[in-house]
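A quick write-up on the structure given underneath.
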Amino acid sequence: MRFARLATMAALSLAWAGSAALAAEHEIKIKNTNGKGKFMVFEPEFLKVAPGDTVKFVIVDKSHNAEAITEVWPEGVEPLKGEMNQDAEFVAEKPGIYGIKCRPHYTMGMVALIVAGEPTNTNKDQLDAFKAPGGAKKRWDELLKQLNP
């Protein structure tokens, strides 16, 4: 009985370690311009990841941050709250849609959209109900087109 319990615990530990080892790391740069006429950008601004993957936001130009658009963020996942001029990261713990903004440039359209797994049965209702403010609306609508190309 004890051996069976130890074997089960060992198997679970290996499975967990194996899944953690499979998790990927993605990088999004935070920039003033993409060099092609677009200003205040996350690059890339649309990203598909697997649940469990890490997304890192790297400051290229100062006066930016990366933080969650809490209206479009899976329930139960700690919202990203990056500090100004500092790199930030989060783990896409659950399948779903993760909205990202740069707080000072949000209304100028500095947004990103990350999709973890298949979003159809997760927080798609949040996405459908969300209305991006000001200048973010145009870019947000462009990002939504990439959900269902």
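Residue names in the structure tokens use chain letters A, B, ... in the order shown, residue numbers from 1 in each chain, and ligand numbers from 1 in the order shown.
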Per-residue nearest contacts region 14-98 of chain A to region 117-133 of chain A, cut-off 6 Å, using only C-alpha atoms, as CSV:
```
residue,atom,partner,partner_atom,distance
A:Ala50,CA,A:Gly117,CA,5.1
A:Pro51,CA,A:Gly117,CA,5.8
A:Val72,CA,A:Gln126,CA,5.5
A:Pro74,CA,A:Asn123,CA,5.8
A:Pro95,CA,A:Gly117,CA,4.9
A:Gly96,CA,A:Pro119,CA,4.5
```
Expected file: the selected residues, N, CA and C atoms, as a PDB file, in the first residue's frame:
```pdb
ATOM      1  N   ALA A  50      -0.172  28.751 -25.338  1.00  0.00           N
ATOM      2  CA  ALA A  50      -0.819  27.609 -24.700  1.00  0.00           C
ATOM      3  C   ALA A  50      -1.042  27.936 -23.230  1.00  0.00           C
ATOM      4  N   PRO A  51      -2.106  27.417 -22.635  1.00  0.00           N
ATOM      5  CA  PRO A  51      -2.274  27.602 -21.200  1.00  0.00           C
ATOM      6  C   PRO A  51      -1.020  27.100 -20.472  1.00  0.00           C
ATOM      7  N   VAL A  72     -11.414  42.135 -19.579  1.00  0.00           N
ATOM      8  CA  VAL A  72     -11.157  41.022 -20.494  1.00  0.00           C
ATOM      9  C   VAL A  72      -9.981  40.233 -19.914  1.00  0.00           C
ATOM     10  N   PRO A  74      -9.403  36.310 -17.731  1.00  0.00           N
ATOM     11  CA  PRO A  74     -10.058  35.122 -17.171  1.00  0.00           C
ATOM     12  C   PRO A  74     -10.197  35.186 -15.643  1.00  0.00           C
ATOM     13  N   PRO A  95      -7.054  28.675 -20.038  1.00  0.00           N
ATOM     14  CA  PRO A  95      -7.438  29.052 -21.396  1.00  0.00           C
ATOM     15  C   PRO A  95      -8.293  30.309 -21.327  1.00  0.00           C
ATOM     16  N   GLY A  96      -8.166  31.160 -22.316  1.00  0.00           N
ATOM     17  CA  GLY A  96      -8.993  32.361 -22.335  1.00  0.00           C
ATOM     18  C   GLY A  96      -8.349  33.500 -23.082  1.00  0.00           C
TER      19      GLY A  96
END
```
Worksheet entry | Within 7 Å of region 28-37 of chain A using only C-alpha atoms, minus same-chain residues under 3 positions, as a VMD selection string | chain A and resid 40 to 44 56 to 61
Write out as an mmCIF file with N, CA and C atoms, in the first residue's frame the set of residues from region 7-147 of chain A that DSSP, computed on the backbone, places in alpha helix (DSSP H).
```cif
data_model
loop_
_atom_site.group_PDB
_atom_site.id
_atom_site.type_symbol
_atom_site.label_atom_id
_atom_site.label_comp_id
_atom_site.auth_asym_id
_atom_site.auth_seq_id
_atom_site.Cartn_x
_atom_site.Cartn_y
_atom_site.Cartn_z
ATOM 1 N N ALA A 7 4.554 5.437 -5.432
ATOM 2 C CA ALA A 7 4.626 5.360 -6.894
ATOM 3 C C ALA A 7 3.673 6.362 -7.531
ATOM 4 N N THR A 8 2.481 6.496 -6.964
ATOM 5 C CA THR A 8 1.505 7.451 -7.483
ATOM 6 C C THR A 8 2.017 8.880 -7.327
ATOM 7 N N MET A 9 2.573 9.177 -6.147
ATOM 8 C CA MET A 9 3.109 10.523 -5.917
ATOM 9 C C MET A 9 4.268 10.812 -6.861
ATOM 10 N N ALA A 10 5.119 9.831 -7.095
ATOM 11 C CA ALA A 10 6.249 10.017 -8.008
ATOM 12 C C ALA A 10 5.754 10.263 -9.428
ATOM 13 N N ALA A 11 4.756 9.509 -9.853
ATOM 14 C CA ALA A 11 4.210 9.680 -11.201
ATOM 15 C C ALA A 11 3.587 11.065 -11.355
ATOM 16 N N LEU A 12 2.846 11.517 -10.348
ATOM 17 C CA LEU A 12 2.235 12.843 -10.413
ATOM 18 C C LEU A 12 3.302 13.932 -10.452
ATOM 19 N N SER A 13 4.359 13.757 -9.670
ATOM 20 C CA SER A 13 5.455 14.738 -9.667
ATOM 21 C C SER A 13 6.108 14.818 -11.030
ATOM 22 N N LEU A 14 6.349 13.668 -11.645
ATOM 23 C CA LEU A 14 6.956 13.658 -12.978
ATOM 24 C C LEU A 14 6.040 14.283 -14.013
ATOM 25 N N ALA A 15 4.751 14.008 -13.915
ATOM 26 C CA ALA A 15 3.798 14.596 -14.857
ATOM 27 C C ALA A 15 3.780 16.103 -14.719
ATOM 28 N N TRP A 16 3.766 16.590 -13.481
ATOM 29 C CA TRP A 16 3.765 18.032 -13.251
ATOM 30 C C TRP A 16 5.055 18.648 -13.762
ATOM 31 N N ALA A 17 6.183 18.044 -13.462
ATOM 32 C CA ALA A 17 7.475 18.568 -13.916
ATOM 33 C C ALA A 17 7.540 18.550 -15.435
ATOM 34 N N GLY A 18 7.009 17.510 -16.041
ATOM 35 C CA GLY A 18 7.014 17.428 -17.509
ATOM 36 C C GLY A 18 6.169 18.504 -18.138
ATOM 37 N N SER A 19 4.996 18.780 -17.555
ATOM 38 C CA SER A 19 4.139 19.820 -18.134
ATOM 39 C C SER A 19 4.760 21.193 -17.932
ATOM 40 N N ALA A 20 5.433 21.408 -16.795
ATOM 41 C CA ALA A 20 6.094 22.694 -16.565
ATOM 42 C C ALA A 20 7.240 22.881 -17.553
ATOM 43 N N ALA A 21 7.930 21.785 -17.862
ATOM 44 C CA ALA A 21 9.051 21.870 -18.793
ATOM 45 C C ALA A 21 8.563 22.169 -20.208
ATOM 46 N N LEU A 22 7.332 21.796 -20.524
ATOM 47 C CA LEU A 22 6.789 22.020 -21.856
ATOM 48 C C LEU A 22 6.271 23.440 -22.044
ATOM 49 N N LYS A 124 -15.156 34.497 -23.352
ATOM 50 C CA LYS A 124 -15.564 35.159 -24.586
ATOM 51 C C LYS A 124 -16.716 36.139 -24.333
ATOM 52 N N ASP A 125 -17.561 35.849 -23.355
ATOM 53 C CA ASP A 125 -18.654 36.771 -23.009
ATOM 54 C C ASP A 125 -18.104 38.121 -22.557
ATOM 55 N N GLN A 126 -17.002 38.089 -21.797
ATOM 56 C CA GLN A 126 -16.357 39.341 -21.378
ATOM 57 C C GLN A 126 -15.914 40.125 -22.605
ATOM 58 N N LEU A 127 -15.289 39.429 -23.525
ATOM 59 C CA LEU A 127 -14.782 40.071 -24.733
ATOM 60 C C LEU A 127 -15.924 40.695 -25.529
ATOM 61 N N ASP A 128 -17.006 39.964 -25.676
ATOM 62 C CA ASP A 128 -18.147 40.471 -26.444
ATOM 63 C C ASP A 128 -18.771 41.708 -25.793
ATOM 64 N N ALA A 129 -18.748 41.781 -24.465
ATOM 65 C CA ALA A 129 -19.360 42.901 -23.752
ATOM 66 C C ALA A 129 -18.432 44.117 -23.653
ATOM 67 N N ALA A 136 -8.399 53.608 -28.472
ATOM 68 C CA ALA A 136 -8.111 52.177 -28.365
ATOM 69 C C ALA A 136 -9.112 51.350 -29.163
ATOM 70 N N LYS A 137 -10.291 51.905 -29.417
ATOM 71 C CA LYS A 137 -11.337 51.143 -30.098
ATOM 72 C C LYS A 137 -10.892 50.653 -31.473
ATOM 73 N N LYS A 138 -10.268 51.512 -32.255
ATOM 74 C CA LYS A 138 -9.857 51.122 -33.611
ATOM 75 C C LYS A 138 -8.850 49.965 -33.575
ATOM 76 N N ARG A 139 -7.831 50.102 -32.745
ATOM 77 C CA ARG A 139 -6.822 49.026 -32.660
ATOM 78 C C ARG A 139 -7.410 47.752 -32.070
ATOM 79 N N TRP A 140 -8.251 47.906 -31.067
ATOM 80 C CA TRP A 140 -8.887 46.750 -30.443
ATOM 81 C C TRP A 140 -9.702 45.978 -31.476
ATOM 82 N N ASP A 141 -10.465 46.714 -32.286
ATOM 83 C CA ASP A 141 -11.271 46.068 -33.324
ATOM 84 C C ASP A 141 -10.389 45.340 -34.339
ATOM 85 N N GLU A 142 -9.216 45.901 -34.660
ATOM 86 C CA GLU A 142 -8.271 45.224 -35.555
ATOM 87 C C GLU A 142 -7.779 43.923 -34.936
ATOM 88 N N LEU A 143 -7.514 43.945 -33.651
ATOM 89 C CA LEU A 143 -7.038 42.749 -32.961
ATOM 90 C C LEU A 143 -8.124 41.668 -32.933
ATOM 91 N N LEU A 144 -9.363 42.084 -32.749
ATOM 92 C CA LEU A 144 -10.463 41.106 -32.697
ATOM 93 C C LEU A 144 -10.598 40.341 -34.013
ATOM 94 N N LYS A 145 -10.279 40.981 -35.122
ATOM 95 C CA LYS A 145 -10.358 40.309 -36.432
ATOM 96 C C LYS A 145 -9.397 39.127 -36.501
#
```
Worksheet item: What lies within 10 Å of Glu25 (chain A) using only C-alpha atoms, ignoring chain neighbours under 4 positions off, as a list in words?
Response: Val49, Ala50, Gly52, Asp53, Thr54, Val55, Lys56, Glu89 and Val91 of chain A
Discussion item. Rounded to one decimal, what separation in Å do you get between CA of Glu67 (chain A) and CA of Leu80 (chain A)?
Written reply: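 Spanning CA of Glu67 (chain A) to CA of Leu80 (chain A) is a straight-line distance of 4.9 Å.
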Worksheet item: Could you pull out all residues of region 29-147 of chain A with a DSSP call of strand (DSSP E or B) and give them as an MDAnalysis selection string?
Response: chainID A and resid 29:33 39:43 46:49 54:59 67:68 81 88:91 96:101 111:116
Just the selected residues (N, CA and C atoms), exported as a compact mmCIF listing (two decimals), in the first residue's frame, please.
```txt
# COMPACT_ATOMS: atom_id res chain seq x y z
N LYS A 29 7.55 43.13 -26.93
CA LYS A 29 8.31 44.36 -26.72
C LYS A 29 7.34 45.53 -26.57
N ILE A 30 7.70 46.47 -25.71
CA ILE A 30 6.89 47.66 -25.47
C ILE A 30 7.67 48.84 -26.05
N LYS A 31 7.09 49.45 -27.10
CA LYS A 31 7.84 50.43 -27.88
C LYS A 31 7.03 51.69 -28.19
N ASN A 32 7.76 52.76 -28.51
CA ASN A 32 7.11 53.99 -28.96
C ASN A 32 6.60 53.87 -30.39
N THR A 33 7.32 53.11 -31.23
CA THR A 33 6.95 52.96 -32.64
C THR A 33 7.42 51.62 -33.16
N PHE A 39 2.47 54.07 -33.85
CA PHE A 39 3.05 54.58 -32.61
C PHE A 39 2.38 53.95 -31.39
N MET A 40 3.10 53.92 -30.28
CA MET A 40 2.64 53.37 -29.01
C MET A 40 2.16 51.94 -29.23
N VAL A 41 3.13 51.00 -29.28
CA VAL A 41 2.81 49.63 -29.68
C VAL A 41 3.38 48.58 -28.73
N PHE A 42 2.65 47.50 -28.67
CA PHE A 42 3.16 46.24 -28.15
C PHE A 42 3.55 45.45 -29.40
N GLU A 43 4.66 44.78 -29.37
CA GLU A 43 5.10 44.05 -30.56
C GLU A 43 5.53 42.64 -30.18
N PHE A 46 -0.77 40.88 -31.02
CA PHE A 46 -1.68 39.73 -30.95
C PHE A 46 -0.81 38.49 -30.83
N LEU A 47 -1.14 37.64 -29.87
CA LEU A 47 -0.30 36.47 -29.61
C LEU A 47 -1.16 35.31 -29.18
N LYS A 48 -0.91 34.13 -29.77
CA LYS A 48 -1.56 32.91 -29.34
C LYS A 48 -0.55 32.10 -28.55
N VAL A 49 -0.96 31.65 -27.37
CA VAL A 49 -0.10 30.87 -26.49
C VAL A 49 -0.88 29.66 -25.99
N THR A 54 4.37 31.40 -20.29
CA THR A 54 4.71 32.69 -19.68
C THR A 54 4.81 33.73 -20.78
N VAL A 55 4.26 34.91 -20.53
CA VAL A 55 4.37 36.03 -21.45
C VAL A 55 5.15 37.13 -20.74
N LYS A 56 6.28 37.52 -21.34
CA LYS A 56 7.13 38.57 -20.77
C LYS A 56 6.98 39.83 -21.60
N PHE A 57 6.84 40.96 -20.92
CA PHE A 57 6.77 42.27 -21.55
C PHE A 57 8.09 42.97 -21.28
N VAL A 58 8.78 43.34 -22.35
CA VAL A 58 10.11 43.93 -22.24
C VAL A 58 10.05 45.40 -22.66
N ILE A 59 10.45 46.27 -21.75
CA ILE A 59 10.47 47.71 -22.03
C ILE A 59 11.62 48.02 -23.00
N GLU A 67 -0.26 46.15 -18.32
CA GLU A 67 -1.17 45.70 -17.28
C GLU A 67 -2.45 45.15 -17.89
N ALA A 68 -3.17 44.40 -17.07
CA ALA A 68 -4.39 43.74 -17.52
C ALA A 68 -5.50 44.75 -17.81
N LYS A 81 -0.09 43.57 -13.41
CA LYS A 81 -0.03 44.99 -13.01
C LYS A 81 1.44 45.40 -13.06
N ALA A 88 7.68 43.17 -17.19
CA ALA A 88 6.64 42.48 -16.42
C ALA A 88 6.37 41.14 -17.08
N GLU A 89 5.75 40.24 -16.35
CA GLU A 89 5.38 38.94 -16.92
C GLU A 89 4.21 38.35 -16.17
N PHE A 90 3.53 37.44 -16.85
CA PHE A 90 2.47 36.67 -16.22
C PHE A 90 2.39 35.32 -16.88
N VAL A 91 1.75 34.39 -16.18
CA VAL A 91 1.53 33.05 -16.72
C VAL A 91 0.07 32.97 -17.13
N GLY A 96 -8.17 31.16 -22.32
CA GLY A 96 -8.99 32.36 -22.33
C GLY A 96 -8.35 33.50 -23.08
N ILE A 97 -8.99 34.64 -22.97
CA ILE A 97 -8.57 35.86 -23.67
C ILE A 97 -8.07 36.84 -22.62
N TYR A 98 -6.86 37.36 -22.87
CA TYR A 98 -6.21 38.27 -21.95
C TYR A 98 -6.00 39.61 -22.65
N GLY A 99 -6.67 40.65 -22.16
CA GLY A 99 -6.49 41.99 -22.70
C GLY A 99 -5.38 42.70 -21.95
N ILE A 100 -4.52 43.40 -22.70
CA ILE A 100 -3.37 44.11 -22.13
C ILE A 100 -3.42 45.56 -22.57
N LYS A 101 -3.00 46.46 -21.67
CA LYS A 101 -2.92 47.88 -22.01
C LYS A 101 -1.67 48.47 -21.41
N VAL A 111 -2.74 48.75 -26.94
CA VAL A 111 -3.38 47.54 -26.42
C VAL A 111 -2.78 46.31 -27.10
N ALA A 112 -2.97 45.17 -26.44
CA ALA A 112 -2.55 43.89 -26.99
C ALA A 112 -3.59 42.85 -26.59
N LEU A 113 -3.62 41.77 -27.35
CA LEU A 113 -4.57 40.69 -27.09
C LEU A 113 -3.82 39.38 -27.11
N ILE A 114 -3.96 38.61 -26.04
CA ILE A 114 -3.31 37.31 -25.94
C ILE A 114 -4.39 36.26 -25.79
N VAL A 115 -4.30 35.21 -26.58
CA VAL A 115 -5.27 34.12 -26.54
C VAL A 115 -4.54 32.87 -26.09
N ALA A 116 -5.01 32.29 -24.99
CA ALA A 116 -4.42 31.05 -24.48
C ALA A 116 -5.38 29.90 -24.76
```
